[in-house]
$ cat query-v3.cif   # mmCIF, C-alpha atoms
data_model
#
loop_
_atom_site.group_PDB
_atom_site.id
_atom_site.type_symbol
_atom_site.label_atom_id
_atom_site.label_comp_id
_atom_site.auth_asym_id
_atom_site.auth_seq_id
_atom_site.Cartn_x
_atom_site.Cartn_y
_atom_site.Cartn_z
ATOM 1 C CA MET A 1 0.000 0.000 0.000
ATOM 2 C CA SER A 2 1.416 3.381 -0.985
ATOM 3 C CA ALA A 3 1.905 6.098 1.597
ATOM 4 C CA PRO A 4 -0.843 8.734 1.761
ATOM 5 C CA ALA A 5 -0.167 11.917 -0.164
ATOM 6 C CA CYS A 6 1.171 14.746 1.939
ATOM 7 C CA ASN A 7 2.346 18.305 1.520
ATOM 8 C CA GLN A 8 6.051 19.059 1.979
ATOM 9 C CA TYR A 9 7.536 22.312 3.201
ATOM 10 C CA VAL A 10 10.966 23.815 3.782
ATOM 11 C CA ILE A 11 11.619 26.189 6.658
ATOM 12 C CA ARG A 12 14.757 28.302 7.025
ATOM 13 C CA PHE A 13 15.526 30.357 10.075
ATOM 14 C CA HIS A 14 18.350 32.176 11.800
ATOM 15 C CA CYS A 15 18.622 33.724 15.228
ATOM 16 C CA PRO A 16 21.114 34.643 17.948
ATOM 17 C CA ASP A 17 22.916 31.457 18.944
ATOM 18 C CA ARG A 18 21.946 30.167 22.364
ATOM 19 C CA LEU A 19 21.388 26.942 24.243
ATOM 20 C CA GLY A 20 18.072 25.267 23.503
ATOM 21 C CA VAL A 21 17.195 26.701 20.079
ATOM 22 C CA MET A 22 17.033 23.319 18.372
ATOM 23 C CA ALA A 23 15.292 21.750 21.368
ATOM 24 C CA ARG A 24 12.521 24.344 21.377
ATOM 25 C CA PHE A 25 12.097 24.061 17.608
ATOM 26 C CA ALA A 26 12.013 20.237 17.638
ATOM 27 C CA THR A 27 9.580 20.171 20.564
ATOM 28 C CA LEU A 28 7.206 22.554 18.786
ATOM 29 C CA PHE A 29 7.263 20.398 15.650
ATOM 30 C CA HIS A 30 6.820 17.176 17.628
ATOM 31 C CA GLN A 31 3.805 18.535 19.485
ATOM 32 C CA ALA A 32 2.243 19.765 16.227
ATOM 33 C CA GLY A 33 2.858 16.465 14.438
ATOM 34 C CA ALA A 34 5.067 18.027 11.771
ATOM 35 C CA PHE A 35 7.117 15.142 10.319
ATOM 36 C CA ILE A 36 10.745 16.209 9.773
ATOM 37 C CA THR A 37 12.424 14.452 6.841
ATOM 38 C CA SER A 38 15.743 16.305 6.671
ATOM 39 C CA THR A 39 17.536 19.000 8.600
ATOM 40 C CA SER A 40 20.871 20.813 8.534
ATOM 41 C CA GLN A 41 22.216 23.581 10.705
ATOM 42 C CA TYR A 42 25.234 25.762 11.363
ATOM 43 C CA SER A 43 26.352 27.707 14.401
ATOM 44 C CA ASP A 44 28.615 30.628 13.441
ATOM 45 C CA PRO A 45 31.192 31.188 16.184
ATOM 46 C CA VAL A 46 32.136 34.602 14.778
ATOM 47 C CA THR A 47 28.709 36.231 14.438
ATOM 48 C CA ASP A 48 27.103 34.119 17.198
ATOM 49 C CA ARG A 49 24.170 33.293 14.958
ATOM 50 C CA PHE A 50 22.447 29.973 14.429
ATOM 51 C CA PHE A 51 21.161 28.879 10.997
ATOM 52 C CA GLN A 52 18.860 25.977 10.173
ATOM 53 C CA ARG A 53 17.117 24.517 7.130
ATOM 54 C CA CYS A 54 14.490 21.857 7.708
ATOM 55 C CA VAL A 55 12.191 19.902 5.376
ATOM 56 C CA PHE A 56 8.967 18.521 6.850
ATOM 57 C CA ASP A 57 5.568 17.232 5.765
ATOM 58 C CA ASP A 58 2.049 17.191 7.144
ATOM 59 C CA ARG A 59 1.363 13.421 7.072
ATOM 60 C CA GLN A 60 0.759 13.452 10.855
ATOM 61 C CA LEU A 61 -0.004 17.126 11.379
ATOM 62 C CA GLY A 62 -2.544 17.293 14.206
ATOM 63 C CA GLN A 63 -3.606 20.891 13.633
ATOM 64 C CA PRO A 64 -4.266 23.272 10.736
ATOM 65 C CA PHE A 65 -1.114 24.516 9.037
ATOM 66 C CA GLU A 66 -2.071 28.070 10.040
ATOM 67 C CA SER A 67 -1.900 27.044 13.720
ATOM 68 C CA LEU A 68 1.636 25.694 13.232
ATOM 69 C CA HIS A 69 2.603 28.965 11.588
ATOM 70 C CA GLU A 70 1.200 30.963 14.515
ATOM 71 C CA SER A 71 3.130 28.785 16.997
ATOM 72 C CA LEU A 72 6.300 29.426 15.010
ATOM 73 C CA LYS A 73 5.638 33.180 15.091
ATOM 74 C CA SER A 74 5.291 33.061 18.876
ATOM 75 C CA LEU A 75 8.566 31.170 19.214
ATOM 76 C CA ALA A 76 10.203 33.581 16.769
ATOM 77 C CA ASP A 77 9.132 36.590 18.842
ATOM 78 C CA GLU A 78 10.481 34.991 22.006
ATOM 79 C CA MET A 79 13.845 33.883 20.613
ATOM 80 C CA GLU A 80 14.449 36.617 18.007
ATOM 81 C CA ILE A 81 14.099 34.134 15.151
ATOM 82 C CA SER A 82 13.719 35.226 11.534
ATOM 83 C CA PHE A 83 12.077 32.441 9.512
ATOM 84 C CA GLN A 84 10.570 31.663 6.103
ATOM 85 C CA ILE A 85 8.400 28.704 5.065
ATOM 86 C CA HIS A 86 7.832 27.633 1.457
ATOM 87 C CA PRO A 87 6.030 24.655 -0.092
ATOM 88 C CA LEU A 88 8.804 22.348 -1.271
ATOM 89 C CA ASN A 89 7.239 21.877 -4.706
ATOM 90 C CA GLN A 90 6.747 25.609 -5.323
ATOM 91 C CA CYS A 91 9.037 26.566 -8.186
ATOM 92 C CA CYS A 92 11.044 29.768 -7.933
ATOM 93 C CA ARG A 93 9.811 32.207 -10.598
ATOM 94 C CA VAL A 94 12.861 33.542 -12.450
ATOM 95 C CA LEU A 95 13.406 36.479 -14.785
ATOM 96 C CA ILE A 96 16.708 36.470 -16.691
ATOM 97 C CA GLY A 97 18.647 39.509 -17.854
ATOM 98 C CA VAL A 98 21.200 39.200 -20.666
ATOM 99 C CA SER A 99 23.118 41.426 -23.077
ATOM 100 C CA ARG A 100 24.961 39.880 -26.048
ATOM 101 C CA TYR A 101 26.790 36.826 -24.691
ATOM 102 C CA ASP A 102 24.395 33.882 -24.611
ATOM 103 C CA HIS A 103 26.421 31.047 -23.019
ATOM 104 C CA CYS A 104 25.022 31.466 -19.495
ATOM 105 C CA LEU A 105 21.513 32.064 -20.795
ATOM 106 C CA SER A 106 21.630 28.973 -23.016
ATOM 107 C CA SER A 107 22.832 26.817 -20.124
ATOM 108 C CA LEU A 108 20.067 28.033 -17.806
ATOM 109 C CA LEU A 109 17.357 27.495 -20.398
ATOM 110 C CA ASN A 110 18.619 24.003 -21.285
ATOM 111 C CA LYS A 111 18.804 22.944 -17.634
ATOM 112 C CA TRP A 112 15.367 24.434 -16.958
ATOM 113 C CA LYS A 113 13.833 22.577 -19.910
ATOM 114 C CA ALA A 114 15.523 19.340 -18.792
ATOM 115 C CA GLY A 115 14.084 19.690 -15.293
ATOM 116 C CA ALA A 116 17.526 20.027 -13.721
ATOM 117 C CA LEU A 117 16.659 23.367 -12.118
ATOM 118 C CA PRO A 118 13.627 23.755 -9.793
ATOM 119 C CA ILE A 119 12.641 27.066 -11.365
ATOM 120 C CA GLU A 120 10.013 28.527 -13.671
ATOM 121 C CA VAL A 121 11.545 30.920 -16.194
ATOM 122 C CA VAL A 122 8.940 33.592 -16.924
ATOM 123 C CA GLY A 123 10.897 35.585 -19.499
ATOM 124 C CA VAL A 124 14.126 37.238 -20.566
ATOM 125 C CA PHE A 125 14.941 40.917 -20.939
ATOM 126 C CA SER A 126 17.869 42.475 -22.733
ATOM 127 C CA ASN A 127 19.302 45.778 -23.862
ATOM 128 C CA HIS A 128 20.159 44.113 -27.197
ATOM 129 C CA GLN A 129 18.329 41.952 -29.729
ATOM 130 C CA ASP A 130 21.040 39.294 -30.124
ATOM 131 C CA CYS A 131 19.407 36.595 -27.965
ATOM 132 C CA ARG A 132 15.827 37.005 -29.165
ATOM 133 C CA SER A 133 15.762 33.933 -31.463
ATOM 134 C CA LEU A 134 17.229 31.684 -28.749
ATOM 135 C CA VAL A 135 14.698 32.826 -26.158
ATOM 136 C CA GLU A 136 11.691 32.644 -28.460
ATOM 137 C CA TRP A 137 12.784 29.176 -29.646
ATOM 138 C CA HIS A 138 12.314 28.117 -26.014
ATOM 139 C CA GLY A 139 8.801 29.577 -26.102
ATOM 140 C CA LEU A 140 9.546 32.464 -23.760
ATOM 141 C CA PRO A 141 8.727 36.164 -24.076
ATOM 142 C CA TYR A 142 11.679 38.378 -24.967
ATOM 143 C CA HIS A 143 11.561 41.907 -23.593
ATOM 144 C CA TYR A 144 13.782 44.318 -25.476
ATOM 145 C CA LEU A 145 14.632 47.143 -23.069
ATOM 146 C CA PRO A 146 17.280 49.398 -24.650
ATOM 147 C CA ILE A 147 19.190 51.643 -22.309
ATOM 148 C CA SER A 148 21.201 54.850 -22.379
ATOM 149 C CA PRO A 149 22.419 57.105 -19.559
ATOM 150 C CA GLU A 150 19.362 59.275 -20.093
ATOM 151 C CA THR A 151 16.849 56.407 -20.166
ATOM 152 C CA LYS A 152 18.360 54.247 -17.390
ATOM 153 C CA PRO A 153 15.799 55.234 -14.683
ATOM 154 C CA ASP A 154 12.876 54.516 -17.000
ATOM 155 C CA GLN A 155 14.405 51.237 -18.182
ATOM 156 C CA GLU A 156 14.855 50.058 -14.595
ATOM 157 C CA ARG A 157 11.245 50.995 -13.822
ATOM 158 C CA GLN A 158 10.256 48.716 -16.702
ATOM 159 C CA ILE A 159 12.306 45.898 -15.170
ATOM 160 C CA VAL A 160 10.626 46.396 -11.789
ATOM 161 C CA GLY A 161 7.201 46.513 -13.434
ATOM 162 C CA LEU A 162 7.952 43.299 -15.310
ATOM 163 C CA MET A 163 8.995 41.586 -12.088
ATOM 164 C CA GLU A 164 5.828 42.699 -10.345
ATOM 165 C CA ARG A 165 3.534 41.570 -13.176
ATOM 166 C CA GLU A 166 5.192 38.173 -13.421
ATOM 167 C CA ARG A 167 5.470 37.725 -9.626
ATOM 168 C CA VAL A 168 9.209 37.148 -9.979
ATOM 169 C CA ASP A 169 11.045 35.606 -7.027
ATOM 170 C CA LEU A 170 14.571 35.846 -8.442
ATOM 171 C CA LEU A 171 16.325 38.034 -11.003
ATOM 172 C CA VAL A 172 19.280 36.302 -12.676
ATOM 173 C CA LEU A 173 21.810 38.457 -14.505
ATOM 174 C CA ALA A 174 23.261 36.028 -17.041
ATOM 175 C CA ARG A 175 26.025 38.291 -18.371
ATOM 176 C CA TYR A 176 23.773 41.350 -18.340
ATOM 177 C CA MET A 177 26.466 43.941 -18.956
ATOM 178 C CA GLN A 178 24.827 46.855 -17.186
ATOM 179 C CA VAL A 179 25.351 48.154 -13.653
ATOM 180 C CA LEU A 180 22.086 48.354 -11.728
ATOM 181 C CA SER A 181 21.366 51.540 -9.796
ATOM 182 C CA ASP A 182 21.900 51.598 -6.038
ATOM 183 C CA ASP A 183 18.150 51.940 -5.472
ATOM 184 C CA LEU A 184 17.353 48.870 -7.546
ATOM 185 C CA CYS A 185 20.158 46.881 -5.905
ATOM 186 C CA ALA A 186 18.788 47.733 -2.478
ATOM 187 C CA ASP A 187 15.256 46.787 -3.536
ATOM 188 C CA LEU A 188 16.481 43.413 -4.838
ATOM 189 C CA ASN A 189 18.543 42.517 -1.760
ATOM 190 C CA GLY A 190 18.885 38.724 -1.685
ATOM 191 C CA ARG A 191 16.694 38.375 -4.810
ATOM 192 C CA ALA A 192 19.186 38.995 -7.637
ATOM 193 C CA ILE A 193 22.170 36.870 -8.674
ATOM 194 C CA ASN A 194 25.039 37.977 -10.905
ATOM 195 C CA ILE A 195 27.822 35.979 -12.548
ATOM 196 C CA HIS A 196 31.312 37.437 -12.661
ATOM 197 C CA HIS A 197 33.791 36.146 -15.191
ATOM 198 C CA SER A 198 36.703 35.697 -12.798
ATOM 199 C CA PHE A 199 37.523 34.197 -9.442
ATOM 200 C CA LEU A 200 36.701 37.268 -7.355
ATOM 201 C CA PRO A 201 38.255 39.431 -6.141
ATOM 202 C CA GLY A 202 40.844 39.027 -8.890
ATOM 203 C CA PHE A 203 40.734 40.484 -12.400
ATOM 204 C CA LYS A 204 37.794 42.844 -12.171
ATOM 205 C CA GLY A 205 36.806 45.150 -14.984
ATOM 206 C CA ALA A 206 37.242 44.777 -18.722
ATOM 207 C CA LYS A 207 38.902 41.810 -20.446
ATOM 208 C CA PRO A 208 39.508 39.611 -17.368
ATOM 209 C CA TYR A 209 40.860 36.714 -19.442
ATOM 210 C CA HIS A 210 43.364 39.016 -21.115
ATOM 211 C CA GLN A 211 44.462 40.147 -17.643
ATOM 212 C CA ALA A 212 44.762 36.523 -16.517
ATOM 213 C CA TYR A 213 46.726 35.585 -19.622
ATOM 214 C CA GLU A 214 49.149 38.471 -19.160
ATOM 215 C CA ARG A 215 49.743 37.425 -15.530
ATOM 216 C CA GLY A 216 50.342 33.808 -16.540
ATOM 217 C CA VAL A 217 47.809 32.417 -14.090
ATOM 218 C CA LYS A 218 47.445 28.662 -13.649
ATOM 219 C CA MET A 219 43.824 28.761 -12.479
ATOM 220 C CA ILE A 220 40.799 30.617 -13.834
ATOM 221 C CA GLY A 221 37.328 30.637 -12.410
ATOM 222 C CA ALA A 222 33.933 32.258 -12.021
ATOM 223 C CA THR A 223 31.941 33.694 -9.135
ATOM 224 C CA ALA A 224 28.173 33.849 -8.694
ATOM 225 C CA HIS A 225 27.030 36.288 -6.036
ATOM 226 C CA TYR A 226 24.061 38.301 -4.844
ATOM 227 C CA VAL A 227 23.787 41.777 -6.311
ATOM 228 C CA THR A 228 24.533 44.650 -3.940
ATOM 229 C CA THR A 229 25.404 48.321 -4.255
ATOM 230 C CA ASP A 230 29.082 47.323 -4.002
ATOM 231 C CA LEU A 231 29.875 46.382 -7.588
ATOM 232 C CA ASP A 232 30.842 42.684 -7.928
ATOM 233 C CA GLU A 233 31.322 42.387 -4.162
ATOM 234 C CA GLY A 234 28.009 40.897 -3.013
ATOM 235 C CA PRO A 235 27.735 37.759 -0.846
ATOM 236 C CA ILE A 236 29.209 34.834 -2.766
ATOM 237 C CA ILE A 237 26.977 31.823 -3.456
ATOM 238 C CA SER A 238 29.074 29.638 -5.725
ATOM 239 C CA GLN A 239 32.568 29.598 -7.205
ATOM 240 C CA GLN A 240 34.293 27.208 -9.576
ATOM 241 C CA VAL A 241 37.855 27.085 -10.776
ATOM 242 C CA LYS A 242 39.677 25.313 -13.611
ATOM 243 C CA ALA A 243 43.372 24.483 -13.902
ATOM 244 C CA ILE A 244 45.133 25.795 -17.011
ATOM 245 C CA ASP A 245 48.687 25.980 -18.299
ATOM 246 C CA HIS A 246 50.932 28.059 -20.532
ATOM 247 C CA THR A 247 49.702 26.406 -23.731
ATOM 248 C CA LEU A 248 46.269 28.069 -23.642
ATOM 249 C CA SER A 249 45.704 31.169 -25.721
ATOM 250 C CA VAL A 250 43.436 34.010 -24.665
ATOM 251 C CA GLU A 251 40.740 32.534 -26.895
ATOM 252 C CA ASP A 252 41.128 29.101 -25.291
ATOM 253 C CA MET A 253 40.901 30.644 -21.837
ATOM 254 C CA THR A 254 37.805 32.587 -22.840
ATOM 255 C CA HIS A 255 36.005 29.463 -24.076
ATOM 256 C CA LEU A 256 36.928 27.537 -20.939
ATOM 257 C CA GLY A 257 35.901 30.528 -18.867
ATOM 258 C CA HIS A 258 32.487 30.650 -20.529
ATOM 259 C CA ASP A 259 31.896 27.011 -19.603
ATOM 260 C CA THR A 260 32.872 27.753 -16.017
ATOM 261 C CA GLU A 261 30.644 30.816 -15.844
ATOM 262 C CA SER A 262 27.646 28.847 -17.105
ATOM 263 C CA SER A 263 28.145 26.003 -14.639
ATOM 264 C CA THR A 264 28.767 28.324 -11.702
ATOM 265 C CA LEU A 265 25.685 30.440 -12.354
ATOM 266 C CA ALA A 266 23.442 27.384 -12.753
ATOM 267 C CA SER A 267 24.778 26.007 -9.472
ATOM 268 C CA ALA A 268 24.017 29.262 -7.646
ATOM 269 C CA VAL A 269 20.499 29.456 -9.078
ATOM 270 C CA LYS A 270 19.824 25.858 -8.013
ATOM 271 C CA LEU A 271 21.041 26.501 -4.465
ATOM 272 C CA HIS A 272 18.870 29.609 -4.192
ATOM 273 C CA ALA A 273 15.795 27.924 -5.693
ATOM 274 C CA GLU A 274 16.132 25.023 -3.254
ATOM 275 C CA GLN A 275 16.069 27.489 -0.348
ATOM 276 C CA ARG A 276 19.603 26.526 0.717
ATOM 277 C CA VAL A 277 21.246 29.956 0.815
ATOM 278 C CA MET A 278 21.060 32.194 3.864
ATOM 279 C CA LEU A 279 22.671 35.606 4.192
ATOM 280 C CA ASN A 280 25.143 36.024 7.033
ATOM 281 C CA GLY A 281 26.266 39.641 6.790
ATOM 282 C CA CYS A 282 28.531 39.911 3.753
ATOM 283 C CA ARG A 283 28.807 36.123 3.545
ATOM 284 C CA THR A 284 26.407 33.258 2.896
ATOM 285 C CA VAL A 285 25.599 30.033 4.709
ATOM 286 C CA ILE A 286 24.741 27.147 2.366
ATOM 287 C CA LEU A 287 22.678 24.388 4.022
#
$ encode --input "query-v3.cif" --output "structure tokens"
Amino acid sequence: MSAPACNQYVIRFHCPDRLGVMARFATLFHQAGAFITSTSQYSDPVTDRFFQRCVFDDRQLGQPFESLHESLKSLADEMEISFQIHPLNQCCRVLIGVSRYDHCLSSLLNKWKAGALPIEVVGVFSNHQDCRSLVEWHGLPYHYLPISPETKPDQERQIVGLMERERVDLLVLARYMQVLSDDLCADLNGRAINIHHSFLPGFKGAKPYHQAYERGVKMIGATAHYVTTDLDEGPIISQQVKAIDHTLSVEDMTHLGHDTESSTLASAVKLHAEQRVMLNGCRTVIL
């Protein structure tokens, strides 16, 4: 006989670290009949904060879900807990921004179509027309939003309006070669991911692979991070690195770098969509 159908949820929370946090949380769930299927946690000895991610279902829940939520709010008020609960099967709604390079975009769309990413891509916007055929081939709307210094505020208002209409959970900048305004960065705190074509903090700015080639580096990489007002210095989610040697040309390094960028960005999006990333000041905790 198959097990009865049940609803699954993921809860993430963080709070000041203290004795008894896990005990109080586990006791509350036990009394409510919330069936925990997986849990992971981290106690940061530097910031004295406790982080936890827990997956549970309602197969034995002895009260309405709303009552469990109210009990959690009471515990949160008492122990200074900040928490979020999401249905486990609720896909993260994603809007992608791109300019002319399509390698990261293509990777995200292929992985989304293959079911390898727990996301729902709702559209793509760009300040160029180069990627239109690729996006429309995947059956997605392509929003052409040209930009100039004079039109930047209006263009960003269009992006915000698009996110609101499509109920976007996450903005992914897949080599979108424009710097977002400080106001937009602040509004998207923890909800926008960027890919940087080097192993930050090295080789910022233009032509990073040329810089790496000139320095004779033996490793190149990519960094995916949350967007903040500090350009390319947001909390890091994922990084990957590849070994190289003196035989690679700039072109070879660029092609290898594009592969690394694509893989790194997809990894960061997956971690975020699975509710595994938690902000810890300028750093992240991945559970």
$ axis_aligned_box --input "query-v3.cif" --around "range 209-228 of chain A" --padding-each-side "8 Å" --output "JSON"
{"center_x": 37.1, "center_y": 36.7, "center_z": -12.5, "size_x": 42.6, "size_y": 32.0, "size_z": 33.2}
$ resolve_selection --input "query-v3.cif" --expression "the PyMOL selection byres ((chain A and resi 76-79) around 10)" --output "list in words"
Phe13, His14, Cys15, Pro16, Asp17, Arg18, Val21, Arg24, Phe25, Glu70, Ser71, Leu72, Lys73, Ser74, Leu75, Glu80, Ile81, Ser82 and Phe83 of chain A
$ write_last_selection --input "query-v3.cif" --atoms "C-alpha atoms" --output "CSV table (one decimal), keeping the file's coordinate frame"
chain,number,residue,atom,x,y,z
A,13,PHE,CA,15.5,30.4,10.1
A,14,HIS,CA,18.4,32.2,11.8
A,15,CYS,CA,18.6,33.7,15.2
A,16,PRO,CA,21.1,34.6,17.9
A,17,ASP,CA,22.9,31.5,18.9
A,18,ARG,CA,21.9,30.2,22.4
A,21,VAL,CA,17.2,26.7,20.1
A,24,ARG,CA,12.5,24.3,21.4
A,25,PHE,CA,12.1,24.1,17.6
A,70,GLU,CA,1.2,31.0,14.5
A,71,SER,CA,3.1,28.8,17.0
A,72,LEU,CA,6.3,29.4,15.0
A,73,LYS,CA,5.6,33.2,15.1
A,74,SER,CA,5.3,33.1,18.9
A,75,LEU,CA,8.6,31.2,19.2
A,80,GLU,CA,14.4,36.6,18.0
A,81,ILE,CA,14.1,34.1,15.2
A,82,SER,CA,13.7,35.2,11.5
A,83,PHE,CA,12.1,32.4,9.5
$ atom_distance --input "query-v3.cif" --atom1 "CA of Val98 in chain A" --atom2 "CA of Arg175 in chain A"
5.4 Å
$ resolve_selection --input "query-v3.cif" --expression "the PyMOL selection byres ((chain A and resi 132) around 12)" --output "PyMOL selection string"
chain A and resi 97-102+105-106+123-131+133-145
$ residues_around --input "query-v3.cif" --residues "Gly62 in chain A" --least-positions-apart "3" --cutoff "10 Å" --atoms "all atoms listed in the file" --output "PDB file with C-alpha atoms, in the frame of the given file"
ATOM      1  CA  HIS A  30       6.820  17.176  17.628  1.00  0.00           C
ATOM      2  CA  GLN A  31       3.805  18.535  19.485  1.00  0.00           C
ATOM      3  CA  ALA A  32       2.243  19.765  16.227  1.00  0.00           C
ATOM      4  CA  GLY A  33       2.858  16.465  14.438  1.00  0.00           C
ATOM      5  CA  ALA A  34       5.067  18.027  11.771  1.00  0.00           C
ATOM      6  CA  ASP A  58       2.049  17.191   7.144  1.00  0.00           C
ATOM      7  CA  ARG A  59       1.363  13.421   7.072  1.00  0.00           C
ATOM      8  CA  PHE A  65      -1.114  24.516   9.037  1.00  0.00           C
ATOM      9  CA  SER A  67      -1.900  27.044  13.720  1.00  0.00           C
ATOM     10  CA  LEU A  68       1.636  25.694  13.232  1.00  0.00           C
TER      11      LEU A  68
END
$ closest_residue --input "query-v3.cif" --among "A:Met253, A:Val277, A:Val172, A:Leu95" --to "Met219 in chain A" --atoms "only C-alpha atoms"
A:Met253
$ closest_residue --input "query-v3.cif" --among "A:Thr47, A:Ser238, A:Gln155, A:Ser262" --to "Arg276 in chain A" --atoms "only C-alpha atoms"
A:Ser238
$ resolve_selection --input "query-v3.cif" --expression "the PyMOL selection byres ((chain A and resi 121) around 7)" --output "ChimeraX atom specification"
/A:93-95,119-120,122-123
$ residues_around --input "query-v3.cif" --residues "Thr254 in chain A" --least-positions-apart "4" --cutoff "9 Å" --atoms "all atoms listed in the file" --output "VMD selection string"
chain A and resid 209 to 210 249 to 250 258 to 259
$ atom_distance --input "query-v3.cif" --atom1 "CA of Leu171 in chain A" --atom2 "CA of Ile193 in chain A"
6.4 Å
$ residues_around --input "query-v3.cif" --residues "Leu271 in chain A" --least-positions-apart "3" --cutoff "9 Å" --atoms "all atoms listed in the file" --output "MDAnalysis selection string"
chainID A and resid 237:238 266:268 274:277 286:287
$ write_last_selection --input "query-v3.cif" --atoms "C-alpha atoms" --output "short mmCIF file (atom, residue, chain, number, x, y, z; two decimals), in the coordinates of the input"
data_model
loop_
_atom_site.label_atom_id
_atom_site.label_comp_id
_atom_site.auth_asym_id
_atom_site.auth_seq_id
_atom_site.Cartn_x
_atom_site.Cartn_y
_atom_site.Cartn_z
CA ILE A 237 26.98 31.82 -3.46
CA SER A 238 29.07 29.64 -5.72
CA ALA A 266 23.44 27.38 -12.75
CA SER A 267 24.78 26.01 -9.47
CA ALA A 268 24.02 29.26 -7.65
CA GLU A 274 16.13 25.02 -3.25
CA GLN A 275 16.07 27.49 -0.35
CA ARG A 276 19.60 26.53 0.72
CA VAL A 277 21.25 29.96 0.82
CA ILE A 286 24.74 27.15 2.37
CA LEU A 287 22.68 24.39 4.02
#
$ closest_residue --input "query-v3.cif" --among "A:Gln90, A:Asn280, A:Leu265, A:Trp112" --to "Val46 in chain A" --atoms "all atoms listed in the file"
A:Asn280
$ residues_around --input "query-v3.cif" --residues "Ala224 in chain A" --least-positions-apart "4" --cutoff "10 Å" --atoms "all atoms listed in the file" --output "ChimeraX atom specification"
/A:173-174,193-200,232,234-240,261-269
$ atom_distance --input "query-v3.cif" --atom1 "CA of Phe29 in chain A" --atom2 "CA of Pro45 in chain A"
26.3 Å
$ closest_residue --input "query-v3.cif" --among "A:Lys270, A:His86, A:Arg53, A:Arg157" --to "Thr39 in chain A" --atoms "all atoms listed in the file"
A:Arg53
$ closest_residue --input "query-v3.cif" --among "A:Ala212, A:Val217, A:Ile96, A:Lys111" --to "Tyr176 in chain A" --atoms "all atoms listed in the file"
A:Ile96
$ build_atoms --input "query-v3.cif" --residues "range 133-149 of chain A" --atoms "N, CA and C atoms" --output "PDB file, in the coordinates of the input"
ATOM      1  N   SER A 133      16.139  35.197 -30.811  1.00  0.00           N
ATOM      2  CA  SER A 133      15.762  33.933 -31.463  1.00  0.00           C
ATOM      3  C   SER A 133      15.935  32.755 -30.510  1.00  0.00           C
ATOM      4  N   LEU A 134      16.993  32.759 -29.717  1.00  0.00           N
ATOM      5  CA  LEU A 134      17.229  31.684 -28.749  1.00  0.00           C
ATOM      6  C   LEU A 134      16.101  31.621 -27.725  1.00  0.00           C
ATOM      7  N   VAL A 135      15.735  32.767 -27.195  1.00  0.00           N
ATOM      8  CA  VAL A 135      14.698  32.826 -26.158  1.00  0.00           C
ATOM      9  C   VAL A 135      13.343  32.429 -26.720  1.00  0.00           C
ATOM     10  N   GLU A 136      13.002  32.951 -27.879  1.00  0.00           N
ATOM     11  CA  GLU A 136      11.691  32.644 -28.460  1.00  0.00           C
ATOM     12  C   GLU A 136      11.626  31.201 -28.935  1.00  0.00           C
ATOM     13  N   TRP A 137      12.758  30.599 -29.306  1.00  0.00           N
ATOM     14  CA  TRP A 137      12.784  29.176 -29.646  1.00  0.00           C
ATOM     15  C   TRP A 137      12.373  28.330 -28.450  1.00  0.00           C
ATOM     16  N   HIS A 138      12.705  28.817 -27.243  1.00  0.00           N
ATOM     17  CA  HIS A 138      12.314  28.117 -26.014  1.00  0.00           C
ATOM     18  C   HIS A 138      10.880  28.463 -25.594  1.00  0.00           C
ATOM     19  N   GLY A 139      10.190  29.263 -26.400  1.00  0.00           N
ATOM     20  CA  GLY A 139       8.801  29.577 -26.102  1.00  0.00           C
ATOM     21  C   GLY A 139       8.606  30.613 -25.020  1.00  0.00           C
ATOM     22  N   LEU A 140       9.605  31.455 -24.812  1.00  0.00           N
ATOM     23  CA  LEU A 140       9.546  32.464 -23.760  1.00  0.00           C
ATOM     24  C   LEU A 140       9.420  33.864 -24.346  1.00  0.00           C
ATOM     25  N   PRO A 141       8.784  34.775 -23.613  1.00  0.00           N
ATOM     26  CA  PRO A 141       8.727  36.164 -24.076  1.00  0.00           C
ATOM     27  C   PRO A 141      10.087  36.844 -23.949  1.00  0.00           C
ATOM     28  N   TYR A 142      10.416  37.643 -24.951  1.00  0.00           N
ATOM     29  CA  TYR A 142      11.679  38.378 -24.967  1.00  0.00           C
ATOM     30  C   TYR A 142      11.355  39.864 -24.872  1.00  0.00           C
ATOM     31  N   HIS A 143      11.854  40.500 -23.846  1.00  0.00           N
ATOM     32  CA  HIS A 143      11.561  41.907 -23.593  1.00  0.00           C
ATOM     33  C   HIS A 143      12.790  42.750 -23.953  1.00  0.00           C
ATOM     34  N   TYR A 144      12.692  43.454 -25.031  1.00  0.00           N
ATOM     35  CA  TYR A 144      13.782  44.318 -25.476  1.00  0.00           C
ATOM     36  C   TYR A 144      13.666  45.653 -24.757  1.00  0.00           C
ATOM     37  N   LEU A 145      14.639  45.925 -23.881  1.00  0.00           N
ATOM     38  CA  LEU A 145      14.632  47.143 -23.069  1.00  0.00           C
ATOM     39  C   LEU A 145      15.943  47.891 -23.293  1.00  0.00           C
ATOM     40  N   PRO A 146      16.044  48.652 -24.381  1.00  0.00           N
ATOM     41  CA  PRO A 146      17.280  49.398 -24.650  1.00  0.00           C
ATOM     42  C   PRO A 146      17.545  50.406 -23.544  1.00  0.00           C
ATOM     43  N   ILE A 147      18.809  50.756 -23.410  1.00  0.00           N
ATOM     44  CA  ILE A 147      19.190  51.643 -22.309  1.00  0.00           C
ATOM     45  C   ILE A 147      20.254  52.629 -22.764  1.00  0.00           C
ATOM     46  N   SER A 148      20.180  53.820 -22.208  1.00  0.00           N
ATOM     47  CA  SER A 148      21.201  54.850 -22.379  1.00  0.00           C
ATOM     48  C   SER A 148      21.295  55.566 -21.040  1.00  0.00           C
ATOM     49  N   PRO A 149      22.333  56.382 -20.838  1.00  0.00           N
ATOM     50  CA  PRO A 149      22.419  57.105 -19.559  1.00  0.00           C
ATOM     51  C   PRO A 149      21.166  57.917 -19.257  1.00  0.00           C
TER      52      PRO A 149
END
